[in-house]
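See below for the structure under consideration.
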Amino acid sequence: MLAIGCDHGGFKLKESLKRYLEELNIEYKDFGCDGETCDYPDIAAVVAKAVASGSFEKGLLICGTGIGMSIAANKIRGIRAACCSDYYSAKYTRMHNNANILCLGGRIIGPGAAEELVDVFLNTEYEGGRHQHRLDIITRLEEESAQ
């Protein structure tokens, strides 16, 4: 299942993507917002914690640029959130970084491009291998900073 959330800057794109996910029969849980002005770090934290706990395999966060959501989500241990606005980045962040949250900018990309990015993000597998060593380093950095 996919955990999704947005702030007011990403609301319209989130609603569009929810319809798209429903067409594809992809289950999701919407963690907000409902269009009201809100603080993106609060939504990012809820979605990131849901993914980090293992309750959700992946997440989707949307704000005006996607950058704020990615910064906030990456503060949660175990999260590798990537802000992407092109196909190549969305694909390779899964293949090489095993990213578990895709962040999009509702003021940056339109629904068609967003659908393409969601598709590639959800359907690209992590390659592992030589990339795992680097993820292990990232995990070690997380652990060191938590002390």
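Every chain in the structure tokens has a letter given in the order shown (A, B, ...), and although residue numbers restart at 1 in each chain, ligands are simply numbered from 1 in the order shown.
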
Run DSSP on the backbone and tell me which residues of stretch 15-113 of chain A come out as alpha helix (DSSP H); list them as a PyMOL selection string. chain A and resi 15-23+40-52+67-73+87-95+111-113

Once you have the residues from the selection above, write them out as a CSV table (one decimal), in the first residue's frame, restricted to C-alpha atoms.
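Saved as part06.csv:
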```csv
chain,number,residue,atom,x,y,z
A,15,GLU,CA,-6.1,14.8,-5.9
A,16,SER,CA,-5.3,14.2,-9.6
A,17,LEU,CA,-2.9,11.4,-8.7
A,18,LYS,CA,-5.4,9.8,-6.3
A,19,ARG,CA,-7.8,9.4,-9.3
A,20,TYR,CA,-5.0,8.0,-11.3
A,21,LEU,CA,-4.0,5.5,-8.6
A,22,GLU,CA,-7.7,4.4,-8.4
A,23,GLU,CA,-7.7,3.8,-12.1
A,40,TYR,CA,4.4,20.5,5.1
A,41,PRO,CA,6.8,19.1,7.7
A,42,ASP,CA,3.9,17.8,9.7
A,43,ILE,CA,2.5,15.9,6.7
A,44,ALA,CA,5.9,14.7,5.7
A,45,ALA,CA,6.6,13.3,9.2
A,46,VAL,CA,3.3,11.3,9.3
A,47,VAL,CA,3.9,9.8,5.9
A,48,ALA,CA,7.6,9.1,6.5
A,49,LYS,CA,6.9,7.5,9.9
A,50,ALA,CA,4.2,5.3,8.2
A,51,VAL,CA,6.7,4.1,5.6
A,52,ALA,CA,9.6,3.8,8.0
A,67,ILE,CA,11.9,20.1,-1.9
A,68,GLY,CA,10.5,20.9,1.5
A,69,MET,CA,8.7,17.6,1.8
A,70,SER,CA,11.9,15.7,0.8
A,71,ILE,CA,14.0,17.6,3.4
A,72,ALA,CA,11.5,17.0,6.2
A,73,ALA,CA,10.8,13.3,5.3
A,87,TYR,CA,11.8,10.2,-15.5
A,88,TYR,CA,15.5,9.4,-15.3
A,89,SER,CA,15.8,10.6,-11.7
A,90,ALA,CA,12.7,8.8,-10.6
A,91,LYS,CA,13.9,5.6,-12.1
A,92,TYR,CA,17.5,5.7,-10.8
A,93,THR,CA,16.6,6.8,-7.3
A,94,ARG,CA,14.8,3.5,-7.1
A,95,MET,CA,17.4,1.4,-8.9
A,111,PRO,CA,-0.6,15.7,-13.9
A,112,GLY,CA,0.7,13.8,-17.0
A,113,ALA,CA,4.3,14.0,-16.0
```

Sel. of strand (DSSP E) residues, chain A, as a list in words: Leu2, Ala3, Ile4, Gly5, Cys6, Tyr28, Lys29, Asp30, Lys58, Gly59, Leu60, Leu61, Ile62, Cys63, Ala81, Ala82, Cys83, Ile101, Leu102, Cys103, Leu104 and Gly105 of chain A

Selected residues, N, CA and C atoms, written as a PDB file, in the first residue's frame, please.
```pdb
ATOM      1  N   LEU A   2       0.399   2.292  -0.595  1.00  0.00           N
ATOM      2  CA  LEU A   2       1.114   3.551  -0.754  1.00  0.00           C
ATOM      3  C   LEU A   2       0.584   4.583   0.242  1.00  0.00           C
ATOM      4  N   ALA A   3       1.472   5.249   0.951  1.00  0.00           N
ATOM      5  CA  ALA A   3       1.106   6.355   1.841  1.00  0.00           C
ATOM      6  C   ALA A   3       1.290   7.651   1.066  1.00  0.00           C
ATOM      7  N   ILE A   4       0.278   8.499   1.043  1.00  0.00           N
ATOM      8  CA  ILE A   4       0.402   9.763   0.313  1.00  0.00           C
ATOM      9  C   ILE A   4       0.013  10.934   1.203  1.00  0.00           C
ATOM     10  N   GLY A   5       0.582  12.098   0.878  1.00  0.00           N
ATOM     11  CA  GLY A   5       0.253  13.304   1.610  1.00  0.00           C
ATOM     12  C   GLY A   5       0.729  14.525   0.853  1.00  0.00           C
ATOM     13  N   CYS A   6       0.183  15.663   1.245  1.00  0.00           N
ATOM     14  CA  CYS A   6       0.540  16.921   0.590  1.00  0.00           C
ATOM     15  C   CYS A   6       0.306  18.083   1.542  1.00  0.00           C
ATOM     16  N   TYR A  28      -4.007   3.048  -1.564  1.00  0.00           N
ATOM     17  CA  TYR A  28      -3.265   4.111  -0.903  1.00  0.00           C
ATOM     18  C   TYR A  28      -4.036   4.573   0.319  1.00  0.00           C
ATOM     19  N   LYS A  29      -3.335   5.249   1.186  1.00  0.00           N
ATOM     20  CA  LYS A  29      -3.970   5.944   2.306  1.00  0.00           C
ATOM     21  C   LYS A  29      -3.533   7.393   2.217  1.00  0.00           C
ATOM     22  N   ASP A  30      -4.494   8.286   2.253  1.00  0.00           N
ATOM     23  CA  ASP A  30      -4.248   9.721   2.165  1.00  0.00           C
ATOM     24  C   ASP A  30      -4.112  10.287   3.573  1.00  0.00           C
ATOM     25  N   LYS A  58       5.864   2.158   0.259  1.00  0.00           N
ATOM     26  CA  LYS A  58       6.407   3.387  -0.316  1.00  0.00           C
ATOM     27  C   LYS A  58       5.486   4.545   0.017  1.00  0.00           C
ATOM     28  N   GLY A  59       6.003   5.764  -0.240  1.00  0.00           N
ATOM     29  CA  GLY A  59       5.231   6.954   0.002  1.00  0.00           C
ATOM     30  C   GLY A  59       5.329   7.942  -1.144  1.00  0.00           C
ATOM     31  N   LEU A  60       4.372   8.847  -1.164  1.00  0.00           N
ATOM     32  CA  LEU A  60       4.309   9.926  -2.147  1.00  0.00           C
ATOM     33  C   LEU A  60       3.959  11.200  -1.400  1.00  0.00           C
ATOM     34  N   LEU A  61       4.823  12.196  -1.515  1.00  0.00           N
ATOM     35  CA  LEU A  61       4.605  13.494  -0.866  1.00  0.00           C
ATOM     36  C   LEU A  61       4.651  14.603  -1.904  1.00  0.00           C
ATOM     37  N   ILE A  62       3.744  15.557  -1.770  1.00  0.00           N
ATOM     38  CA  ILE A  62       3.649  16.645  -2.742  1.00  0.00           C
ATOM     39  C   ILE A  62       3.507  17.971  -2.009  1.00  0.00           C
ATOM     40  N   CYS A  63       4.381  18.905  -2.342  1.00  0.00           N
ATOM     41  CA  CYS A  63       4.248  20.286  -1.885  1.00  0.00           C
ATOM     42  C   CYS A  63       4.440  21.168  -3.102  1.00  0.00           C
ATOM     43  N   ALA A  81      13.907   9.780   0.802  1.00  0.00           N
ATOM     44  CA  ALA A  81      12.945  10.524  -0.010  1.00  0.00           C
ATOM     45  C   ALA A  81      13.685  11.288  -1.098  1.00  0.00           C
ATOM     46  N   ALA A  82      13.155  11.206  -2.307  1.00  0.00           N
ATOM     47  CA  ALA A  82      13.799  11.863  -3.446  1.00  0.00           C
ATOM     48  C   ALA A  82      12.804  12.784  -4.140  1.00  0.00           C
ATOM     49  N   CYS A  83      13.213  14.014  -4.328  1.00  0.00           N
ATOM     50  CA  CYS A  83      12.423  14.988  -5.073  1.00  0.00           C
ATOM     51  C   CYS A  83      12.793  14.841  -6.549  1.00  0.00           C
ATOM     52  N   ILE A 101      10.319   7.061  -0.761  1.00  0.00           N
ATOM     53  CA  ILE A 101       9.312   8.122  -0.895  1.00  0.00           C
ATOM     54  C   ILE A 101       9.670   8.989  -2.099  1.00  0.00           C
ATOM     55  N   LEU A 102       8.692   9.197  -2.950  1.00  0.00           N
ATOM     56  CA  LEU A 102       8.822  10.104  -4.089  1.00  0.00           C
ATOM     57  C   LEU A 102       8.188  11.433  -3.710  1.00  0.00           C
ATOM     58  N   CYS A 103       8.928  12.519  -3.882  1.00  0.00           N
ATOM     59  CA  CYS A 103       8.423  13.862  -3.605  1.00  0.00           C
ATOM     60  C   CYS A 103       8.281  14.610  -4.924  1.00  0.00           C
ATOM     61  N   LEU A 104       7.140  15.244  -5.085  1.00  0.00           N
ATOM     62  CA  LEU A 104       6.827  15.967  -6.316  1.00  0.00           C
ATOM     63  C   LEU A 104       6.434  17.401  -6.006  1.00  0.00           C
ATOM     64  N   GLY A 105       6.648  18.268  -6.994  1.00  0.00           N
ATOM     65  CA  GLY A 105       6.269  19.670  -6.862  1.00  0.00           C
ATOM     66  C   GLY A 105       4.984  19.958  -7.607  1.00  0.00           C
TER      67      GLY A 105
END
```

Extract, using only C-alpha atoms, all DNA, RNA and protein residues at most 9 Å from A:Arg107, discarding same-chain residues fewer than 5 positions from it, and format them as a list in words. Gly9, Gly10, Leu13, Cys63, Gly64, Thr65 and Gly66 of chain A

Please produce a file of the residues just selected, as an mmCIF file, in the first residue's frame, where the atoms kept are N, CA and C atoms.
```
data_model
loop_
_atom_site.group_PDB
_atom_site.id
_atom_site.type_symbol
_atom_site.label_atom_id
_atom_site.label_comp_id
_atom_site.auth_asym_id
_atom_site.auth_seq_id
_atom_site.Cartn_x
_atom_site.Cartn_y
_atom_site.Cartn_z
ATOM 1 N N GLY A 9 0.097 23.490 -1.272
ATOM 2 C CA GLY A 9 0.721 23.698 -2.581
ATOM 3 C C GLY A 9 0.681 22.473 -3.469
ATOM 4 N N GLY A 10 0.461 21.315 -2.884
ATOM 5 C CA GLY A 10 0.423 20.076 -3.650
ATOM 6 C C GLY A 10 -0.945 19.435 -3.720
ATOM 7 N N LEU A 13 -2.505 18.497 -7.286
ATOM 8 C CA LEU A 13 -1.802 17.383 -7.917
ATOM 9 C C LEU A 13 -2.080 16.078 -7.165
ATOM 10 N N CYS A 63 4.381 18.905 -2.342
ATOM 11 C CA CYS A 63 4.248 20.286 -1.885
ATOM 12 C C CYS A 63 4.440 21.168 -3.102
ATOM 13 N N GLY A 64 4.663 22.441 -2.928
ATOM 14 C CA GLY A 64 4.813 23.336 -4.066
ATOM 15 C C GLY A 64 5.958 22.944 -4.989
ATOM 16 N N THR A 65 7.126 22.642 -4.401
ATOM 17 C CA THR A 65 8.293 22.262 -5.197
ATOM 18 C C THR A 65 8.706 20.804 -5.001
ATOM 19 N N GLY A 66 8.267 20.173 -3.935
ATOM 20 C CA GLY A 66 8.704 18.833 -3.574
ATOM 21 C C GLY A 66 9.936 18.853 -2.692
#
```

Ranking A:Cys38, A:Ile26, A:Met1, A:Ala146 by minimum distance to A:Gly78 and counting only C-alpha atoms, which one comes first? A:Ala146

Here is a test: counting only C-alpha atoms, which residue of A:Gly54, A:Ala114, A:Asn98, A:Gln132 is nearest to A:Lys12? A:Ala114
